[in-house]
file query-v9.pdb (PDB, C-alpha atoms and all ligand atoms)
ATOM      1  CA  MET F   1      89.187  97.487  41.037
ATOM      2  CA  ASP F   2      90.152  94.285  42.878
ATOM      3  CA  ILE F   3      87.213  94.403  45.321
ATOM      4  CA  GLU F   4      84.691  94.617  42.453
ATOM      5  CA  LYS F   5      86.470  91.821  40.564
ATOM      6  CA  ALA F   6      86.491  89.570  43.672
ATOM      7  CA  ARG F   7      82.858  90.372  44.506
ATOM      8  CA  LYS F   8      81.805  89.384  40.967
ATOM      9  CA  LEU F   9      83.816  86.126  41.087
ATOM     10  CA  ILE F  10      82.232  85.167  44.443
ATOM     11  CA  ARG F  11      78.712  86.191  43.326
ATOM     12  CA  GLU F  12      78.961  84.118  40.128
ATOM     13  CA  SER F  13      80.648  81.076  41.722
ATOM     14  CA  ALA F  14      78.508  77.943  42.066
ATOM     15  CA  ASN F  15      81.263  75.628  43.399
ATOM     16  CA  LEU F  16      83.479  77.456  45.861
ATOM     17  CA  CYS F  17      86.479  75.875  47.613
ATOM     18  CA  VAL F  18      88.218  77.728  50.453
ATOM     19  CA  LEU F  19      91.551  76.818  52.108
ATOM     20  CA  THR F  20      92.117  78.459  55.478
ATOM     21  CA  GLY F  21      95.045  78.633  57.891
ATOM     22  CA  ALA F  22      95.834  80.026  61.330
ATOM     23  CA  GLY F  23      95.581  83.638  60.065
ATOM     24  CA  ILE F  24      91.783  83.429  59.794
ATOM     25  CA  SER F  25      91.602  82.729  63.545
ATOM     26  CA  ALA F  26      94.110  85.453  64.507
ATOM     27  CA  GLU F  27      91.320  88.056  64.992
ATOM     28  CA  SER F  28      89.646  85.607  67.355
ATOM     29  CA  GLY F  29      92.726  86.018  69.534
ATOM     30  CA  LEU F  30      94.418  82.723  68.641
ATOM     31  CA  SER F  31      98.156  82.719  67.950
ATOM     32  CA  THR F  32      99.305  81.788  64.474
ATOM     33  CA  PHE F  33     102.307  79.538  63.993
ATOM     34  CA  ARG F  34     104.859  81.663  62.248
ATOM     35  CA  ASP F  35     103.979  85.288  63.014
ATOM     36  CA  SER F  36     106.165  86.887  65.684
ATOM     37  CA  GLY F  37     104.916  85.679  69.047
ATOM     38  CA  GLY F  38     103.430  82.719  67.214
ATOM     39  CA  LEU F  39     103.023  79.296  68.709
ATOM     40  CA  TRP F  40     106.268  77.958  67.356
ATOM     41  CA  ASN F  41     108.194  80.868  68.923
ATOM     42  CA  ASN F  42     107.502  79.441  72.366
ATOM     43  CA  TYR F  43     107.916  75.796  71.419
ATOM     44  CA  HIS F  44     110.089  73.933  68.960
ATOM     45  CA  VAL F  45     107.724  72.126  66.651
ATOM     46  CA  GLU F  46     109.906  69.039  67.032
ATOM     47  CA  GLN F  47     109.184  69.194  70.769
ATOM     48  CA  VAL F  48     105.439  69.207  70.511
ATOM     49  CA  ALA F  49     103.947  68.424  67.097
ATOM     50  CA  THR F  50     105.572  65.140  66.031
ATOM     51  CA  PRO F  51     104.911  61.498  66.995
ATOM     52  CA  GLU F  52     108.483  61.236  68.278
ATOM     53  CA  ALA F  53     107.852  64.186  70.616
ATOM     54  CA  PHE F  54     104.766  62.456  71.983
ATOM     55  CA  ARG F  55     106.620  59.194  72.502
ATOM     56  CA  LYS F  56     109.474  61.039  74.247
ATOM     57  CA  ASP F  57     107.448  63.381  76.455
ATOM     58  CA  PRO F  58     103.658  62.932  76.303
ATOM     59  CA  ARG F  59     103.195  65.230  79.315
ATOM     60  CA  LEU F  60     104.899  68.173  77.515
ATOM     61  CA  VAL F  61     102.793  67.566  74.401
ATOM     62  CA  TRP F  62      99.595  67.381  76.442
ATOM     63  CA  ARG F  63     100.522  70.620  78.243
ATOM     64  CA  PHE F  64     100.936  72.300  74.818
ATOM     65  CA  TYR F  65      97.588  71.012  73.577
ATOM     66  CA  ASN F  66      95.822  71.842  76.844
ATOM     67  CA  GLU F  67      97.032  75.433  76.411
ATOM     68  CA  ARG F  68      95.630  75.449  72.865
ATOM     69  CA  ARG F  69      92.318  73.902  73.998
ATOM     70  CA  LYS F  70      91.989  76.470  76.790
ATOM     71  CA  ASN F  71      92.678  79.403  74.410
ATOM     72  CA  ALA F  72      90.415  78.033  71.681
ATOM     73  CA  SER F  73      87.563  77.424  74.165
ATOM     74  CA  LYS F  74      87.646  81.163  75.024
ATOM     75  CA  ALA F  75      87.805  82.268  71.375
ATOM     76  CA  GLU F  76      84.773  83.308  69.342
ATOM     77  CA  PRO F  77      84.341  83.098  65.553
ATOM     78  CA  ASN F  78      85.342  86.450  64.038
ATOM     79  CA  PRO F  79      83.766  88.329  61.054
ATOM     80  CA  ALA F  80      85.907  86.270  58.639
ATOM     81  CA  HIS F  81      84.514  82.928  59.871
ATOM     82  CA  ILE F  82      81.004  84.397  59.889
ATOM     83  CA  ALA F  83      81.360  85.797  56.368
ATOM     84  CA  LEU F  84      82.364  82.366  55.055
ATOM     85  CA  ALA F  85      79.379  80.759  56.790
ATOM     86  CA  GLU F  86      77.130  83.380  55.135
ATOM     87  CA  ILE F  87      78.609  82.749  51.657
ATOM     88  CA  GLU F  88      77.952  79.012  52.089
ATOM     89  CA  ALA F  89      74.183  79.530  52.074
ATOM     90  CA  GLY F  90      73.107  79.069  48.463
ATOM     91  CA  LYS F  91      76.393  77.725  47.129
ATOM     92  CA  ASN F  92      78.041  74.345  46.808
ATOM     93  CA  MET F  93      80.976  75.220  49.076
ATOM     94  CA  VAL F  94      83.631  73.403  51.041
ATOM     95  CA  ILE F  95      86.117  74.795  53.532
ATOM     96  CA  LEU F  96      89.429  72.936  53.728
ATOM     97  CA  THR F  97      90.947  74.113  56.980
ATOM     98  CA  GLN F  98      94.417  73.534  58.391
ATOM     99  CA  ASN F  99      93.074  74.855  61.682
ATOM    100  CA  VAL F 100      92.138  72.591  64.546
ATOM    101  CA  ASP F 101      90.155  75.135  66.612
ATOM    102  CA  GLY F 102      86.631  74.317  65.345
ATOM    103  CA  LEU F 103      85.771  78.016  64.786
ATOM    104  CA  HIS F 104      84.412  77.515  61.227
ATOM    105  CA  GLN F 105      81.846  75.036  62.527
ATOM    106  CA  ARG F 106      80.961  77.328  65.443
ATOM    107  CA  ALA F 107      80.378  80.166  62.932
ATOM    108  CA  GLY F 108      77.815  77.920  61.197
ATOM    109  CA  SER F 109      79.830  76.468  58.300
ATOM    110  CA  LYS F 110      78.509  72.993  57.513
ATOM    111  CA  ASN F 111      80.937  71.565  54.961
ATOM    112  CA  VAL F 112      84.349  71.729  56.681
ATOM    113  CA  VAL F 113      87.255  69.319  56.107
ATOM    114  CA  GLU F 114      89.714  69.451  59.033
ATOM    115  CA  LEU F 115      92.899  68.568  57.141
ATOM    116  CA  HIS F 116      95.033  68.535  60.284
ATOM    117  CA  GLY F 117      92.502  67.139  62.758
ATOM    118  CA  SER F 118      90.778  68.753  65.708
ATOM    119  CA  LEU F 119      91.708  70.005  69.181
ATOM    120  CA  TRP F 120      88.336  68.674  70.341
ATOM    121  CA  LYS F 121      88.995  65.020  69.507
ATOM    122  CA  LEU F 122      91.312  62.579  71.295
ATOM    123  CA  ARG F 123      92.421  59.319  69.688
ATOM    124  CA  CYS F 124      93.582  56.155  71.411
ATOM    125  CA  THR F 125      97.197  55.239  70.578
ATOM    126  CA  GLU F 126      96.185  51.569  70.466
ATOM    127  CA  CYS F 127      92.554  50.877  69.601
ATOM    128  CA  SER F 128      92.053  54.115  67.610
ATOM    129  CA  GLY F 129      88.892  54.793  69.594
ATOM    130  CA  ILE F 130      87.906  58.474  69.373
ATOM    131  CA  CYS F 131      86.964  60.410  72.505
ATOM    132  CA  ARG F 132      85.229  63.775  72.239
ATOM    133  CA  ASP F 133      83.779  64.466  75.642
ATOM    134  CA  MET F 134      86.851  65.381  77.631
ATOM    135  CA  PRO F 135      87.125  68.516  79.805
ATOM    136  CA  VAL F 136      88.754  71.525  78.047
ATOM    137  CA  GLU F 137      91.957  70.895  79.996
ATOM    138  CA  VAL F 138      92.525  67.174  79.648
ATOM    139  CA  PRO F 139      93.717  65.505  82.862
ATOM    140  CA  ILE F 140      97.373  64.594  82.217
ATOM    141  CA  LEU F 141      97.833  61.777  81.234
ATOM    142  CA  PRO F 142      94.519  60.632  79.661
ATOM    143  CA  TYR F 143      93.862  56.926  79.088
ATOM    144  CA  CYS F 144      91.375  55.107  76.881
ATOM    145  CA  VAL F 145      88.317  53.833  78.776
ATOM    146  CA  LYS F 146      88.141  50.807  76.462
ATOM    147  CA  CYS F 147      91.708  49.502  76.331
ATOM    148  CA  LYS F 148      93.427  51.606  79.045
ATOM    149  CA  GLU F 149      96.157  52.791  76.601
ATOM    150  CA  LEU F 150      97.305  56.421  76.251
ATOM    151  CA  LEU F 151      95.071  58.929  74.433
ATOM    152  CA  ARG F 152      96.661  61.459  72.031
ATOM    153  CA  PRO F 153      95.292  64.589  70.369
ATOM    154  CA  ASP F 154      93.479  63.606  67.128
ATOM    155  CA  ILE F 155      95.786  65.988  65.259
ATOM    156  CA  VAL F 156      98.014  65.328  62.217
ATOM    157  CA  TRP F 157     101.585  65.959  63.362
ATOM    158  CA  PHE F 158     104.583  66.688  61.150
ATOM    159  CA  GLY F 159     105.752  63.534  59.473
ATOM    160  CA  GLU F 160     102.298  61.944  59.766
ATOM    161  CA  PRO F 161     100.053  61.397  56.758
ATOM    162  CA  LEU F 162      96.739  63.230  56.522
ATOM    163  CA  GLN F 163      93.610  61.076  56.715
ATOM    164  CA  PRO F 164      93.057  59.518  53.232
ATOM    165  CA  ASP F 165      89.439  60.706  53.326
ATOM    166  CA  SER F 166      90.548  64.302  53.981
ATOM    167  CA  ILE F 167      93.008  64.233  51.084
ATOM    168  CA  ARG F 168      90.380  62.711  48.760
ATOM    169  CA  LYS F 169      87.778  65.364  49.654
ATOM    170  CA  ALA F 170      90.363  68.163  49.384
ATOM    171  CA  GLU F 171      91.611  67.069  45.961
ATOM    172  CA  GLU F 172      88.064  66.509  44.708
ATOM    173  CA  ALA F 173      86.910  69.968  45.853
ATOM    174  CA  SER F 174      90.050  71.615  44.453
ATOM    175  CA  GLY F 175      89.487  69.767  41.140
ATOM    176  CA  ASN F 176      85.755  70.608  40.845
ATOM    177  CA  CYS F 177      85.554  74.202  42.033
ATOM    178  CA  ASP F 178      84.970  77.215  39.772
ATOM    179  CA  LEU F 179      86.559  79.575  42.334
ATOM    180  CA  PHE F 180      89.245  78.904  44.977
ATOM    181  CA  MET F 181      89.940  81.192  47.944
ATOM    182  CA  VAL F 182      92.996  80.869  50.200
ATOM    183  CA  ILE F 183      92.775  82.778  53.471
ATOM    184  CA  GLY F 184      95.218  83.304  56.340
ATOM    185  CA  THR F 185      97.920  80.793  55.508
ATOM    186  CA  SER F 186     101.659  81.194  54.969
ATOM    187  CA  ALA F 187     101.306  78.330  52.445
ATOM    188  CA  ARG F 188     104.377  76.584  53.802
ATOM    189  CA  VAL F 189     102.912  73.317  55.056
ATOM    190  CA  TYR F 190     102.329  70.461  52.637
ATOM    191  CA  PRO F 191     100.338  68.818  51.198
ATOM    192  CA  ALA F 192      97.798  71.628  52.042
ATOM    193  CA  ALA F 193      99.977  74.342  50.450
ATOM    194  CA  ALA F 194      99.882  72.517  47.104
ATOM    195  CA  LEU F 195      96.069  72.428  46.906
ATOM    196  CA  PRO F 196      95.623  75.911  45.326
ATOM    197  CA  LEU F 197      97.838  74.797  42.427
ATOM    198  CA  ILE F 198      95.112  72.321  41.343
ATOM    199  CA  PRO F 199      92.528  75.007  40.398
ATOM    200  CA  ALA F 200      95.250  77.381  39.164
ATOM    201  CA  ARG F 201      96.449  74.724  36.683
ATOM    202  CA  ARG F 202      92.846  74.407  35.451
ATOM    203  CA  GLY F 203      92.618  78.149  34.825
ATOM    204  CA  VAL F 204      90.218  78.556  37.766
ATOM    205  CA  PRO F 205      90.691  81.917  39.561
ATOM    206  CA  VAL F 206      92.329  81.895  43.004
ATOM    207  CA  ILE F 207      91.629  84.741  45.447
ATOM    208  CA  GLU F 208      94.101  85.166  48.324
ATOM    209  CA  ILE F 209      93.522  87.125  51.551
ATOM    210  CA  ASN F 210      96.568  87.274  53.796
ATOM    211  CA  LYS F 211      98.428  89.795  55.939
ATOM    212  CA  GLU F 212     101.576  89.219  53.893
ATOM    213  CA  PRO F 213     102.342  88.020  50.359
ATOM    214  CA  THR F 214     103.051  84.286  50.094
ATOM    215  CA  GLN F 215     104.501  81.927  47.508
ATOM    216  CA  LEU F 216     100.939  81.524  46.205
ATOM    217  CA  SER F 217     100.422  85.239  45.559
ATOM    218  CA  GLU F 218     101.855  85.067  42.028
ATOM    219  CA  ILE F 219      99.301  82.434  40.915
ATOM    220  CA  THR F 220      96.307  84.391  42.198
ATOM    221  CA  ALA F 221      93.713  86.315  40.176
ATOM    222  CA  VAL F 222      93.419  88.743  43.097
ATOM    223  CA  SER F 223      95.588  88.927  46.222
ATOM    224  CA  PHE F 224      94.404  91.100  49.120
ATOM    225  CA  ILE F 225      97.042  92.038  51.707
ATOM    226  CA  GLY F 226      95.311  92.719  54.997
ATOM    227  CA  LYS F 227      93.170  91.252  57.756
ATOM    228  CA  ALA F 228      90.666  88.571  56.789
ATOM    229  CA  GLY F 229      88.132  89.873  59.340
ATOM    230  CA  GLU F 230      88.114  93.255  57.580
ATOM    231  CA  ILE F 231      88.411  92.188  53.932
ATOM    232  CA  LEU F 232      86.074  89.182  53.687
ATOM    233  CA  PRO F 233      82.902  90.981  54.871
ATOM    234  CA  LYS F 234      83.600  93.721  52.261
ATOM    235  CA  LEU F 235      83.712  91.104  49.492
ATOM    236  CA  LEU F 236      80.225  89.931  50.435
ATOM    237  CA  ARG F 237      78.576  93.337  50.288
ATOM    238  CA  ASP F 238      77.028  93.947  46.866
TER     239      ASP F 238
HETATM  240  C1  LIG G   1     102.972  64.569  55.462
HETATM  241  C2  LIG G   1      98.965  70.250  63.446
HETATM  242  C3  LIG G   1     103.853  62.571  54.610
HETATM  243  C4  LIG G   1      99.694  70.676  64.635
HETATM  244  C5  LIG G   1     100.121  70.882  61.499
HETATM  245  C6  LIG G   1     105.979  67.921  50.651
HETATM  246  C7  LIG G   1     104.901  67.046  50.561
HETATM  247  C8  LIG G   1     104.407  66.430  51.711
HETATM  248  C9  LIG G   1     104.995  66.686  52.958
HETATM  249  C10 LIG G   1     106.058  67.549  53.048
HETATM  250  C11 LIG G   1     106.552  68.166  51.891
HETATM  251  N1  LIG G   1     107.589  68.957  52.279
HETATM  252  C12 LIG G   1     107.739  68.880  53.608
HETATM  253  C13 LIG G   1     106.848  68.022  54.104
HETATM  254  C14 LIG G   1     106.731  67.673  55.503
HETATM  255  C15 LIG G   1     105.731  68.545  56.253
HETATM  256  C16 LIG G   1     105.814  69.984  55.864
HETATM  257  O1  LIG G   1     105.010  70.459  55.065
HETATM  258  N2  LIG G   1     106.763  70.707  56.449
HETATM  259  C17 LIG G   1     106.874  72.115  56.173
HETATM  260  C18 LIG G   1     107.181  72.870  57.465
HETATM  261  C19 LIG G   1     107.941  72.295  55.117
HETATM  262  N3  LIG G   1     104.392  68.039  56.044
HETATM  263  C20 LIG G   1     103.983  67.049  56.850
HETATM  264  O2  LIG G   1     104.666  66.521  57.684
HETATM  265  C21 LIG G   1     102.547  66.593  56.629
HETATM  266  N4  LIG G   1     102.579  65.170  56.559
HETATM  267  O3  LIG G   1     103.084  65.106  54.426
HETATM  268  O4  LIG G   1     103.214  63.248  55.671
HETATM  269  C22 LIG G   1     103.697  61.147  54.898
HETATM  270  C23 LIG G   1     103.037  60.355  53.976
HETATM  271  C24 LIG G   1     102.943  59.003  54.221
HETATM  272  C25 LIG G   1     103.475  58.451  55.392
HETATM  273  C26 LIG G   1     104.114  59.265  56.326
HETATM  274  C27 LIG G   1     104.235  60.627  56.086
HETATM  275  C28 LIG G   1     101.674  66.944  57.829
HETATM  276  C29 LIG G   1     101.497  68.431  57.921
HETATM  277  C30 LIG G   1     100.546  68.775  59.088
HETATM  278  C31 LIG G   1     101.364  69.207  60.267
HETATM  279  N5  LIG G   1     100.458  69.655  61.320
HETATM  280  N6  LIG G   1      99.265  71.206  62.443
HETATM  281  C32 LIG G   1      98.832  71.674  65.370
HETATM  282  O5  LIG G   1      98.106  72.466  64.748
HETATM  283  O6  LIG G   1      98.950  71.630  66.586
HETATM  284  S1  LIG G   1     100.687  72.102  60.504
HETATM  285  C33 LIG G   1     100.476  73.639  61.198
HETATM  286  O7  LIG G   1     100.903  74.551  60.190
HETATM  287  C34 LIG G   1      99.033  74.037  61.474
HETATM  288  O8  LIG G   1      98.057  73.113  61.059
HETATM  289  C35 LIG G   1      98.888  75.315  60.647
HETATM  290  O9  LIG G   1      97.606  75.606  60.289
HETATM  291  C36 LIG G   1      99.722  74.909  59.513
HETATM  292  C37 LIG G   1     100.066  75.889  58.460
HETATM  293  O10 LIG G   1     100.402  77.093  59.063
HETATM  294  P1  LIG G   1      99.414  78.332  58.762
HETATM  295  O11 LIG G   1      98.030  77.914  59.087
HETATM  296  O12 LIG G   1      99.660  78.825  57.388
HETATM  297  O13 LIG G   1      99.892  79.338  59.870
HETATM  298  P2  LIG G   1     101.139  80.311  59.781
HETATM  299  O14 LIG G   1     101.340  80.906  61.123
HETATM  300  O15 LIG G   1     102.270  79.619  59.090
HETATM  301  O16 LIG G   1     100.656  81.470  58.783
HETATM  302  C38 LIG G   1      99.569  82.303  59.148
HETATM  303  C39 LIG G   1      99.427  83.311  58.028
HETATM  304  O17 LIG G   1      98.293  84.135  58.326
HETATM  305  C40 LIG G   1     100.623  84.244  57.901
HETATM  306  O18 LIG G   1     101.014  84.307  56.535
HETATM  307  C41 LIG G   1     100.102  85.599  58.382
HETATM  308  O19 LIG G   1     100.648  86.670  57.647
HETATM  309  C42 LIG G   1      98.630  85.485  58.103
HETATM  310  N7  LIG G   1      97.775  86.264  59.006
HETATM  311  C43 LIG G   1      97.972  86.542  60.319
HETATM  312  N8  LIG G   1      96.914  87.248  60.787
HETATM  313  C44 LIG G   1      96.047  87.406  59.754
HETATM  314  C45 LIG G   1      96.589  86.772  58.618
HETATM  315  N9  LIG G   1      95.969  86.745  57.432
HETATM  316  C46 LIG G   1      94.762  87.375  57.357
HETATM  317  N10 LIG G   1      94.173  87.995  58.401
HETATM  318  C47 LIG G   1      94.791  88.032  59.606
HETATM  319  N11 LIG G   1      94.185  88.665  60.632
HETATM  320 ZN    ZN G   2      91.872  52.268  73.304
END
call {"tool": "encode", "arguments": {"input": "query-v9.pdb", "output": "structure tokens"}}
result
Amino acid sequence: MDIEKARKLIRESANLCVLTGAGISAESGLSTFRDSGGLWNNYHVEQVATPEAFRKDPRLVWRFYNERRKNASKAEPNPAHIALAEIEAGKNMVILTQNVDGLHQRAGSKNVVELHGSLWKLRCTECSGICRDMPVEVPILPYCVKCKELLRPDIVWFGEPLQPDSIRKAEEASGNCDLFMVIGTSARVYPAAALPLIPARRGVPVIEINKEPTQLSEITAVSFIGKAGEILPKLLRD
């Protein structure tokens, strides 16, 4: 039985690595990217999540991110985030998240790598100063207090490289873990989508929880089709 097999793998794991995507925050009321009604349905990604888009129309991009900040500020961690925070106690565990909403940290997870940045950080386009204490809806347009240049969301856009430190931590965790879980991601965005292949190539089991099968499903030891907020807590019960 898959639940028993997954429970045993999680119980016996000492070094757990978890990759999460927008699907784990769906039950907190936050839109995913590619489900119907998802974020990209209302915007063309080229319009809002690329450096060219920001150069062309920073006001449009800031309106998009203000909407995301407003929604995320009203969201609460759901049972999936909380279950992961509970597993962390007593294990060497790292969460590699593609999400920018900060819900893993608010659920109590300590070791979180934000592969694609954070809604809650702004970065100066010139002096790279980081600003965290802005109102939920950033006044448009925001400028750096130090050098007066434009502030941007501290988010990795399409066509931009991930932070070297994030990639190093992600590859290290994927290379050292004895169990890998991938939760709530369509596994279409790289380089994040390639991370589960690292443990799989080492013969380390990969557990997937997703509402639909993905291109990763065939490399998994167990693949659960369903809602993360319902499945994850069941995997923790002995
Ligand atoms: C880069 C920030 C290079 C924006 C995001 C190969 C190698 C490297 C790069 C590429 C490559 N091929 C193509 C590329 C380019 C590109 C890419 O991957 N494109 C894709 C579309 C093909 N990658 C990049 O541009 C990356 N940069 O590689 O730079 C470089 C190097 C040097 C110098 C210059 C450049 C940067 C990628 C990061 C882009 N930024 N986010 C923002 O968030 O505002 S990506 C964006 O997609 C989000 O971060 C999101 O998290 C991510 C992935 O989407 P998912 O999280 O998976 O969400 P999605 O909606 O797709 O799926 C949700 C899933 O959950 C669904 O399957 C659904 O069924 C499921 N679900 C729903 N509800 C539930 C559920 N599951 C469980 N329970 C539920 N309740
Ligand atoms: Zn500055």
call {"tool": "resolve_selection", "arguments": {"input": "query-v9.pdb", "expression": "the PyMOL selection byres (((not hetatm)) within 7 of (chain G and resi 1))", "output": "VMD selection string"}}
result
chain F and resid 20 to 24 26 to 27 32 to 35 38 49 98 to 100 116 155 to 162 183 to 191 209 to 212 214 226 to 229
call {"tool": "resolve_selection", "arguments": {"input": "query-v9.pdb", "expression": "the PyMOL selection byres (((not hetatm)) within 7 of (chain G and resi 2))", "output": "PDB file with C-alpha atoms, in the coordinates of the input"}}
result
ATOM      1  CA  CYS F 124      93.582  56.155  71.411  1.00  0.00           C
ATOM      2  CA  THR F 125      97.197  55.239  70.578  1.00  0.00           C
ATOM      3  CA  GLU F 126      96.185  51.569  70.466  1.00  0.00           C
ATOM      4  CA  CYS F 127      92.554  50.877  69.601  1.00  0.00           C
ATOM      5  CA  SER F 128      92.053  54.115  67.610  1.00  0.00           C
ATOM      6  CA  GLY F 129      88.892  54.793  69.594  1.00  0.00           C
ATOM      7  CA  CYS F 144      91.375  55.107  76.881  1.00  0.00           C
ATOM      8  CA  VAL F 145      88.317  53.833  78.776  1.00  0.00           C
ATOM      9  CA  LYS F 146      88.141  50.807  76.462  1.00  0.00           C
ATOM     10  CA  CYS F 147      91.708  49.502  76.331  1.00  0.00           C
ATOM     11  CA  LYS F 148      93.427  51.606  79.045  1.00  0.00           C
ATOM     12  CA  GLU F 149      96.157  52.791  76.601  1.00  0.00           C
TER      13      GLU F 149
END
call {"tool": "atom_distance", "arguments": {"input": "query-v9.pdb", "atom1": "atom CA of F:Gln47", "atom2": "atom CA of F:Ser31"}}
result
17.7 Å
call {"tool": "resolve_selection", "arguments": {"input": "query-v9.pdb", "expression": "the PyMOL selection byres (((chain F and resi 68-76) around 6) and not hetatm)", "output": "ChimeraX atom specification"}}
result
/F:28,65-67,77,101,136
call {"tool": "residues_around", "arguments": {"input": "query-v9.pdb", "residues": "F:Leu232", "least_positions_apart": "3", "cutoff": "12 Å", "atoms": "only C-alpha atoms", "output": "count of residues only"}}
result
32
call {"tool": "atom_distance", "arguments": {"input": "query-v9.pdb", "atom1": "atom CA of F:Gly203", "atom2": "atom CA of F:Ile231"}}
result
24.1 Å
call {"tool": "atom_distance", "arguments": {"input": "query-v9.pdb", "atom1": "atom CA of F:Gly117", "atom2": "atom CA of F:Leu39"}}
result
17.1 Å
call {"tool": "closest_residue", "arguments": {"input": "query-v9.pdb", "among": "F:Leu19, F:Ala14, F:Val204, F:Asn176", "to": "F:Val112", "atoms": "all atoms listed in the file"}}
result
F:Leu19
call {"tool": "axis_aligned_box", "arguments": {"input": "query-v9.pdb", "around": "stretch 64-77 of chain F", "padding_each_side": "4 Å", "output": "JSON"}}
result
{"center_x": 92.6, "center_y": 77.2, "center_z": 71.2, "size_x": 24.6, "size_y": 20.3, "size_z": 19.3}
call {"tool": "residues_around", "arguments": {"input": "query-v9.pdb", "residues": "F:Gln163", "least_positions_apart": "3", "cutoff": "8 Å", "atoms": "all atoms listed in the file", "output": "number ranges by chain"}}
result
F: 115, 166-167
call {"tool": "residues_around", "arguments": {"input": "query-v9.pdb", "residues": "F:Ile219", "least_positions_apart": "6", "cutoff": "8 Å", "atoms": "only C-alpha atoms", "output": "JSON, numbers by chain"}}
result
{"F": [197, 200, 206]}
call {"tool": "residues_around", "arguments": {"input": "query-v9.pdb", "residues": "F:Leu16", "least_positions_apart": "6", "cutoff": "9 Å", "atoms": "all atoms listed in the file", "output": "list of chain:residue names"}}
result
F:Ile10, F:Glu88, F:Lys91, F:Asn92, F:Met93, F:Val94, F:Ile95, F:Ala173, F:Ser174, F:Asn176, F:Cys177, F:Asp178, F:Leu179, F:Phe180, F:Met181
call {"tool": "decode", "arguments": {"input": "query-v9.pdb", "residues": "stretch 169-186 of chain F", "atoms": "C-alpha atoms", "output": "mmCIF file, in the first residue's frame"}}
result
data_model
loop_
_atom_site.group_PDB
_atom_site.id
_atom_site.type_symbol
_atom_site.label_atom_id
_atom_site.label_comp_id
_atom_site.auth_asym_id
_atom_site.auth_seq_id
_atom_site.Cartn_x
_atom_site.Cartn_y
_atom_site.Cartn_z
ATOM 1 C CA LYS F 169 22.375 24.596 -1.604
ATOM 2 C CA ALA F 170 19.749 22.940 -3.831
ATOM 3 C CA GLU F 171 22.256 20.702 -5.612
ATOM 4 C CA GLU F 172 23.992 19.831 -2.342
ATOM 5 C CA ALA F 173 20.710 18.878 -0.632
ATOM 6 C CA SER F 174 19.544 16.918 -3.687
ATOM 7 C CA GLY F 175 22.929 15.118 -3.767
ATOM 8 C CA ASN F 176 23.026 14.287 -0.022
ATOM 9 C CA CYS F 177 19.445 13.330 0.772
ATOM 10 C CA ASP F 178 18.238 9.779 1.451
ATOM 11 C CA LEU F 179 14.648 10.706 0.494
ATOM 12 C CA PHE F 180 13.347 13.381 -1.915
ATOM 13 C CA MET F 181 9.757 14.656 -1.951
ATOM 14 C CA VAL F 182 8.307 16.831 -4.727
ATOM 15 C CA ILE F 183 5.028 18.535 -3.873
ATOM 16 C CA GLY F 184 2.654 20.743 -5.865
ATOM 17 C CA THR F 185 4.718 21.498 -8.941
ATOM 18 C CA SER F 186 4.030 20.956 -12.638
#
